[in-house]
$ cat target-v6.cif   # mmCIF, C-alpha atoms
data_coords
loop_
_atom_site.label_atom_id
_atom_site.label_comp_id
_atom_site.auth_asym_id
_atom_site.auth_seq_id
_atom_site.Cartn_x
_atom_site.Cartn_y
_atom_site.Cartn_z
CA MET T 27 -9.90 2.32 -9.09
CA GLU T 28 -10.61 2.88 -12.74
CA PRO T 29 -13.09 0.81 -14.79
CA ARG T 30 -10.17 -0.44 -16.91
CA ASP T 31 -8.70 -2.07 -13.77
CA LEU T 32 -11.88 -4.09 -13.39
CA LYS T 33 -11.61 -5.23 -17.02
CA ARG T 34 -8.03 -6.46 -16.46
CA ALA T 35 -8.98 -8.55 -13.45
CA LYS T 36 -8.92 -12.30 -13.70
CA PRO T 37 -12.34 -13.78 -14.44
CA GLY T 38 -14.02 -14.54 -11.13
CA ALA T 39 -11.62 -12.35 -9.14
CA CYS T 40 -13.14 -10.95 -5.98
CA LEU T 41 -13.09 -7.22 -5.30
CA GLU T 42 -10.31 -7.61 -2.74
CA GLU T 43 -8.10 -9.32 -5.34
CA ILE T 44 -8.76 -6.49 -7.79
CA VAL T 45 -7.73 -3.93 -5.16
CA LEU T 46 -4.56 -5.91 -4.44
CA GLU T 47 -3.66 -6.21 -8.13
CA THR T 48 -4.13 -2.48 -8.57
CA ILE T 49 -1.74 -1.81 -5.67
CA ARG T 50 0.75 -4.33 -7.08
CA ALA T 51 0.66 -2.74 -10.54
CA GLY T 52 0.97 0.76 -9.08
CA TYR T 53 4.03 -0.05 -7.02
CA ARG T 54 5.66 -2.00 -9.86
CA SER T 55 5.34 1.01 -12.18
CA ARG T 56 5.90 3.59 -9.42
CA ASP T 57 2.50 5.09 -10.23
CA ALA T 58 1.31 6.82 -7.06
CA ALA T 59 -2.03 7.75 -8.64
CA LYS T 60 -2.75 4.09 -9.40
CA VAL T 61 -1.90 3.03 -5.84
CA LEU T 62 -4.02 5.83 -4.37
CA SER T 63 -6.97 4.99 -6.65
CA VAL T 64 -8.00 2.14 -4.34
CA TYR T 65 -8.08 4.26 -1.17
CA ALA T 66 -11.28 5.95 0.02
CA GLU T 67 -11.31 9.73 0.45
CA ASN T 68 -11.73 9.26 4.20
CA VAL T 69 -9.15 6.47 4.62
CA GLU T 70 -7.32 6.17 7.92
CA CYS T 71 -3.80 4.77 7.69
CA THR T 72 -1.80 3.80 10.76
CA ILE T 73 1.95 3.36 10.30
CA VAL T 74 4.22 1.65 12.84
CA ASN T 75 7.98 1.65 12.29
CA ARG T 76 11.20 2.71 14.03
CA ASN T 77 10.23 6.38 13.73
CA ASN T 78 6.63 5.76 14.79
CA PRO T 79 6.59 3.11 17.56
CA PRO T 80 3.41 1.33 18.71
CA SER T 81 2.95 3.81 21.57
CA ARG T 82 3.03 6.73 19.08
CA PRO T 83 2.06 5.47 15.60
CA LEU T 84 1.70 7.84 12.70
CA VAL T 85 -2.01 8.12 11.90
CA LEU T 86 -2.93 9.70 8.57
CA ARG T 87 -6.54 10.64 7.98
CA GLY T 88 -7.79 11.18 4.46
CA ARG T 89 -6.39 10.27 1.07
CA GLU T 90 -4.65 13.65 0.69
CA ALA T 91 -2.66 13.11 3.89
CA PHE T 92 -1.74 9.60 2.74
CA ARG T 93 -0.83 10.89 -0.74
CA ARG T 94 2.40 12.45 0.55
CA VAL T 95 3.59 9.06 1.82
CA ILE T 96 2.73 7.22 -1.41
CA ASP T 97 4.23 9.98 -3.58
CA ASP T 98 7.46 9.72 -1.57
CA ILE T 99 7.56 5.92 -1.85
CA CYS T 100 6.91 5.94 -5.59
CA THR T 101 9.59 8.53 -6.32
CA ARG T 102 12.34 6.65 -4.50
CA GLU T 103 14.84 4.62 -6.48
CA MET T 104 13.77 1.21 -5.16
CA THR T 105 11.91 -1.92 -6.14
CA HIS T 106 8.67 -3.16 -4.59
CA ALA T 107 7.32 -6.69 -4.66
CA ILE T 108 4.15 -7.95 -3.04
CA VAL T 109 5.22 -11.46 -2.17
CA GLU T 110 2.41 -12.84 -0.05
CA ALA T 111 -1.23 -11.87 0.22
CA VAL T 112 -4.54 -13.02 1.63
CA THR T 113 -7.84 -11.56 0.43
CA GLY T 114 -11.50 -12.00 1.26
CA ASN T 115 -14.45 -10.88 3.37
CA GLY T 116 -13.79 -7.19 2.83
CA SER T 117 -10.17 -7.40 3.93
CA LEU T 118 -6.73 -7.95 2.57
CA ALA T 119 -3.32 -8.54 4.06
CA TYR T 120 -0.05 -8.50 2.19
CA ARG T 121 3.72 -8.32 2.60
CA VAL T 122 5.85 -5.94 0.56
CA GLU T 123 9.57 -6.44 0.09
CA CYS T 124 11.51 -3.40 -1.10
CA ARG T 125 15.13 -2.96 -2.06
CA TYR T 126 17.21 0.16 -2.56
CA PRO T 127 20.08 0.19 -5.08
CA ASP T 128 22.59 0.27 -2.17
CA GLY T 129 21.24 -3.09 -0.94
CA CYS T 130 19.12 -1.78 1.96
CA ASN T 131 16.01 -3.94 2.37
CA VAL T 132 12.60 -2.93 3.70
CA VAL T 133 9.75 -5.26 4.65
CA GLY T 134 6.22 -4.06 5.30
CA HIS T 135 3.15 -5.94 6.47
CA TYR T 136 -0.19 -4.38 5.63
CA ILE T 137 -3.73 -5.16 6.78
CA ALA T 138 -6.60 -3.29 5.15
CA LYS T 139 -10.38 -3.12 5.41
CA ILE T 140 -12.31 -2.56 2.17
CA GLU T 141 -15.76 -1.03 1.74
CA ASP T 142 -17.42 -0.29 -1.59
CA GLY T 143 -14.27 -1.26 -3.48
CA ARG T 144 -11.97 1.13 -1.62
CA ILE T 145 -9.61 0.75 1.33
CA VAL T 146 -11.12 2.58 4.31
CA SER T 147 -8.51 1.65 6.91
CA GLU T 148 -5.02 0.24 6.74
CA THR T 149 -2.35 -0.57 9.29
CA SER T 150 1.27 -1.15 8.30
CA VAL T 151 4.27 -2.34 10.23
CA ASP T 152 7.56 -1.67 8.46
CA CYS T 153 11.17 -2.41 9.24
CA TRP T 154 14.40 -1.94 7.32
CA ASP T 155 18.09 -2.69 7.43
CA GLU T 156 20.06 -0.33 9.65
#

$ encode --input "target-v6.cif" --output "structure tokens"
Amino acid sequence: MEPRDLKRAKPGACLEEIVLETIRAGYRSRDAAKVLSVYAENVECTIVNRNNPPSRPLVLRGREAFRRVIDDICTREMTHAIVEAVTGNGSLAYRVECRYPDGCNVVGHYIAKIEDGRIVSETSVDCWDE
């Protein structure tokens, strides 16, 4: 997260809200670097979806491993909207709704733990139209 992101935050915003707003702005502008700026170097991301079921989730360790996923998401021709979120006590949870130009919809639910202003662990559960 860059110092300019802190300046743009609403007065009185908690750190978790600032992290969330940075993610929101990054996805809106398809800026993978902005999204990744709020993840710790040693982040652990667990992804559950049709390709990675609960018995065999995809676990990515480190920001570089996670970068490939975020780069892929941000280069796809699709929209992203964070439509619900809860922040506080070093955690945040949010729902992302995505839409491809062909009408395919994707919904993801994310839960993250934040330490020192960075996400250190995140679990997502995603599903999409077949």

$ resolve_selection --input "target-v6.cif" --expression "the PyMOL selection byres ((chain T and resi 52) around 12)" --output "PyMOL selection string"
chain T and resi 27+31+45-51+53-64+96-97+99-101+105-108

$ resolve_selection --input "target-v6.cif" --expression "the PyMOL selection byres ((chain T and resi 136-139) around 7)" --output "VMD selection string"
chain T and resid 116 to 121 134 to 135 140 to 141 145 to 151

$ closest_residue --input "target-v6.cif" --among "T:Ala111, T:Ala91, T:Val133, T:Leu84" --to "Asn68 of chain T" --atoms "all atoms listed in the file"
T:Ala91

$ atom_distance --input "target-v6.cif" --atom1 "atom CA of Tyr126 of chain T" --atom2 "atom CA of Ala66 of chain T"
29.2 Å

$ axis_aligned_box --input "target-v6.cif" --around "segment 58-68 of chain T" --padding-each-side "6 Å" --output "lines of an AutoDock Vina configuration file"
center_x = -5.2
center_y = 5.9
center_z = -2.6
size_x = 25.0
size_y = 19.6
size_z = 25.6

$ atom_distance --input "target-v6.cif" --atom1 "atom CA of Val132 of chain T" --atom2 "atom CA of Glu103 of chain T"
12.9 Å

$ closest_residue --input "target-v6.cif" --among "T:Pro83, T:Met104, T:Gly143, T:Thr113" --to "Asp128 of chain T" --atoms "all atoms listed in the file"
T:Met104

$ atom_distance --input "target-v6.cif" --atom1 "atom CA of Glu43 of chain T" --atom2 "atom CA of Glu110 of chain T"
12.3 Å

$ residues_around --input "target-v6.cif" --residues "Arg76 of chain T" --least-positions-apart "2" --cutoff "8 Å" --atoms "all atoms listed in the file" --output "count of residues only"
5

$ residues_near_point --input "target-v6.cif" --point "(2.2, 6.8, 4.9)" --cutoff "7 Å" --atoms "all atoms listed in the file" --output "MDAnalysis selection string"
chainID T and resid 71 73 86 92 95:96

$ resolve_selection --input "target-v6.cif" --expression "the PyMOL selection byres ((chain T and resi 88) around 6)" --output "list in words"
Glu67, Asn68, Val69, Arg87, Arg89, Glu90 and Ala91 of chain T

$ write_last_selection --input "target-v6.cif" --atoms "C-alpha atoms" --output "PDB file, in the frame of the given file"
ATOM      1  CA  GLU T  67     -11.310   9.730   0.450  1.00  0.00           C
ATOM      2  CA  ASN T  68     -11.730   9.260   4.200  1.00  0.00           C
ATOM      3  CA  VAL T  69      -9.150   6.470   4.620  1.00  0.00           C
ATOM      4  CA  ARG T  87      -6.540  10.640   7.980  1.00  0.00           C
ATOM      5  CA  ARG T  89      -6.390  10.270   1.070  1.00  0.00           C
ATOM      6  CA  GLU T  90      -4.650  13.650   0.690  1.00  0.00           C
ATOM      7  CA  ALA T  91      -2.660  13.110   3.890  1.00  0.00           C
TER       8      ALA T  91
END

$ build_atoms --input "target-v6.cif" --residues "segment 71-90 of chain T" --atoms "N, CA, C and O atoms" --output "compact mmCIF listing (two decimals), in the coordinates of the input"
# COMPACT_ATOMS: atom_id res chain seq x y z
N CYS T 71 -4.97 5.63 7.79
CA CYS T 71 -3.80 4.77 7.69
C CYS T 71 -2.94 4.94 8.94
O CYS T 71 -2.59 6.05 9.31
N THR T 72 -2.63 3.81 9.56
CA THR T 72 -1.80 3.80 10.76
C THR T 72 -0.48 3.14 10.40
O THR T 72 -0.46 2.02 9.88
N ILE T 73 0.63 3.84 10.67
CA ILE T 73 1.95 3.36 10.30
C ILE T 73 2.79 3.18 11.57
O ILE T 73 2.93 4.11 12.37
N VAL T 74 3.33 1.96 11.72
CA VAL T 74 4.22 1.65 12.84
C VAL T 74 5.57 1.27 12.25
O VAL T 74 5.65 0.41 11.37
N ASN T 75 6.62 1.96 12.72
CA ASN T 75 7.98 1.65 12.29
C ASN T 75 8.95 2.22 13.32
O ASN T 75 8.52 2.66 14.39
N ARG T 76 10.24 2.23 13.03
CA ARG T 76 11.20 2.71 14.03
C ARG T 76 10.99 4.18 14.38
O ARG T 76 11.31 4.60 15.49
N ASN T 77 10.49 4.96 13.46
CA ASN T 77 10.23 6.38 13.73
C ASN T 77 8.87 6.63 14.38
O ASN T 77 8.63 7.71 14.91
N ASN T 78 7.99 5.66 14.28
CA ASN T 78 6.63 5.76 14.79
C ASN T 78 6.30 4.48 15.55
O ASN T 78 5.66 3.58 15.01
N PRO T 79 6.76 4.36 16.81
CA PRO T 79 6.59 3.11 17.56
C PRO T 79 5.12 2.87 17.93
O PRO T 79 4.29 3.79 17.82
N PRO T 80 4.81 1.66 18.37
CA PRO T 80 3.41 1.33 18.71
C PRO T 80 2.76 2.30 19.69
O PRO T 80 1.56 2.55 19.60
N SER T 81 3.54 2.87 20.60
CA SER T 81 2.95 3.81 21.57
C SER T 81 2.64 5.17 20.93
O SER T 81 1.87 5.95 21.48
N ARG T 82 3.24 5.46 19.78
CA ARG T 82 3.03 6.73 19.08
C ARG T 82 3.02 6.51 17.57
O ARG T 82 3.85 7.05 16.84
N PRO T 83 2.07 5.71 17.05
CA PRO T 83 2.06 5.47 15.60
C PRO T 83 1.70 6.74 14.84
O PRO T 83 1.10 7.67 15.39
N LEU T 84 2.10 6.75 13.59
CA LEU T 84 1.70 7.84 12.70
C LEU T 84 0.32 7.47 12.16
O LEU T 84 0.13 6.40 11.58
N VAL T 85 -0.65 8.35 12.39
CA VAL T 85 -2.01 8.12 11.90
C VAL T 85 -2.33 9.21 10.88
O VAL T 85 -2.29 10.40 11.20
N LEU T 86 -2.60 8.78 9.66
CA LEU T 86 -2.93 9.70 8.57
C LEU T 86 -4.41 9.56 8.26
O LEU T 86 -4.89 8.44 8.02
N ARG T 87 -5.10 10.67 8.25
CA ARG T 87 -6.54 10.64 7.98
C ARG T 87 -6.82 11.36 6.66
O ARG T 87 -6.47 12.52 6.50
N GLY T 88 -7.43 10.63 5.76
CA GLY T 88 -7.79 11.18 4.46
C GLY T 88 -6.76 10.84 3.40
O GLY T 88 -5.57 10.70 3.68
N ARG T 89 -7.25 10.66 2.18
CA ARG T 89 -6.39 10.27 1.07
C ARG T 89 -5.32 11.33 0.78
O ARG T 89 -4.20 11.00 0.44
N GLU T 90 -5.65 12.61 0.95
CA GLU T 90 -4.65 13.65 0.69
C GLU T 90 -3.48 13.55 1.66
O GLU T 90 -2.34 13.74 1.27
